[in-house]
Amino acid sequence: MPLIVLFAAVGMALGLTPGGYLAASLSWNRIFFINIMSELLLSFSATLPFQTLQSPKHHLKALTASGAVLVFVWFAAFLFAFSKGITLSWTSLSILAAILFAAICLNSFVWCELH
């Protein structure tokens, strides 16, 4: 259950930030077109992992505590970088550091959960 809530929170944050940017830079009408295209792509790609999970040799492991901390820190750094990037300038040291830190945390999360 915590994993489902985690991905729901990440999805809402990653959807609202680009959605706000697109609404501000383009017309608000275009968000519906972009949502339809992304929804079709995500609906198709969401079924792919379940086809491989049906065999008995594959099973899902629980999220580790260190993995949960890493994904939370990644999410916070990512959201900070993309929410403050326009106001602080995309080339400012704090934004670049947040993007780099988010990339390191995401890679560490993947490594931590695979090993």
# chains A, B, ... in the order shown; residues from 1 in each chain; ligands from 1
call {"tool": "select_by_dssp", "arguments": {"residues": "segment 14-104 of chain A", "states": "alpha helix (DSSP H)", "output": "ChimeraX atom specification"}}
result
/A:14-25,30-53,65-88,93-104
call {"tool": "write_last_selection", "arguments": {"atoms": "C-alpha atoms", "output": "CSV table (one decimal), in the first residue's frame"}}
result
chain,number,residue,atom,x,y,z
A,14,LEU,CA,5.0,15.4,-11.9
A,15,GLY,CA,1.7,16.1,-13.6
A,16,LEU,CA,0.9,19.4,-11.9
A,17,THR,CA,4.3,21.0,-12.5
A,18,PRO,CA,4.6,20.5,-16.2
A,19,GLY,CA,0.8,21.1,-16.5
A,20,GLY,CA,1.1,24.5,-14.9
A,21,TYR,CA,4.0,25.4,-17.2
A,22,LEU,CA,2.1,24.3,-20.3
A,23,ALA,CA,-1.0,26.2,-19.3
A,24,ALA,CA,1.1,29.3,-18.7
A,25,SER,CA,3.1,29.1,-21.9
A,30,ARG,CA,-3.8,22.2,-25.3
A,31,ILE,CA,-3.4,20.5,-21.9
A,32,PHE,CA,-6.3,18.2,-22.8
A,33,PHE,CA,-4.6,17.1,-26.0
A,34,ILE,CA,-1.3,16.4,-24.2
A,35,ASN,CA,-3.2,14.5,-21.5
A,36,ILE,CA,-4.9,12.3,-24.0
A,37,MET,CA,-1.6,11.4,-25.7
A,38,SER,CA,0.3,10.8,-22.5
A,39,GLU,CA,-2.7,8.8,-21.0
A,40,LEU,CA,-2.7,6.5,-24.1
A,41,LEU,CA,1.0,6.0,-23.8
A,42,LEU,CA,1.0,5.3,-20.1
A,43,SER,CA,-2.0,3.0,-20.3
A,44,PHE,CA,-0.3,0.9,-22.9
A,45,SER,CA,3.1,0.8,-21.0
A,46,ALA,CA,1.4,0.1,-17.7
A,47,THR,CA,0.3,-3.3,-18.9
A,48,LEU,CA,3.7,-4.5,-20.0
A,49,PRO,CA,5.2,-5.3,-16.5
A,50,PHE,CA,2.1,-7.4,-15.6
A,51,GLN,CA,2.7,-9.7,-18.6
A,52,THR,CA,6.1,-10.7,-17.2
A,53,LEU,CA,4.9,-10.9,-13.5
A,65,ALA,CA,13.5,1.8,4.3
A,66,SER,CA,16.6,3.2,2.7
A,67,GLY,CA,14.8,3.1,-0.7
A,68,ALA,CA,11.8,5.0,0.8
A,69,VAL,CA,14.1,7.7,2.2
A,70,LEU,CA,16.0,8.0,-1.2
A,71,VAL,CA,12.9,8.3,-3.2
A,72,PHE,CA,11.5,10.9,-0.8
A,73,VAL,CA,14.7,12.9,-1.0
A,74,TRP,CA,14.7,12.5,-4.8
A,75,PHE,CA,11.1,13.7,-5.0
A,76,ALA,CA,11.8,16.7,-2.8
A,77,ALA,CA,14.9,17.8,-4.7
A,78,PHE,CA,13.2,17.2,-8.1
A,79,LEU,CA,10.1,19.2,-7.1
A,80,PHE,CA,12.2,22.0,-5.7
A,81,ALA,CA,14.2,22.3,-8.9
A,82,PHE,CA,11.2,22.3,-11.2
A,83,SER,CA,9.0,24.6,-9.1
A,84,LYS,CA,11.7,27.2,-8.4
A,85,GLY,CA,13.6,26.9,-11.7
A,86,ILE,CA,11.9,29.8,-13.3
A,87,THR,CA,12.1,32.2,-10.4
A,88,LEU,CA,15.7,31.5,-9.4
A,93,LEU,CA,23.8,27.1,-8.5
A,94,SER,CA,20.9,26.0,-6.2
A,95,ILE,CA,18.8,24.7,-9.1
A,96,LEU,CA,21.7,22.9,-10.8
A,97,ALA,CA,22.7,21.4,-7.5
A,98,ALA,CA,19.1,20.2,-6.8
A,99,ILE,CA,18.9,18.6,-10.3
A,100,LEU,CA,22.2,16.9,-9.8
A,101,PHE,CA,21.2,15.8,-6.2
A,102,ALA,CA,17.9,14.4,-7.6
A,103,ALA,CA,19.7,12.4,-10.3
A,104,ILE,CA,22.1,11.0,-7.7
call {"tool": "residues_around", "arguments": {"residues": "Ile4 of chain A", "least_positions_apart": "4", "cutoff": "12 Å", "atoms": "only C-alpha atoms", "output": "PyMOL selection string"}}
result
chain A and resi 8-11+62-63
call {"tool": "atom_distance", "arguments": {"atom1": "atom CA of Cys112 of chain A", "atom2": "atom CA of Lys61 of chain A"}}
result
12.1 Å
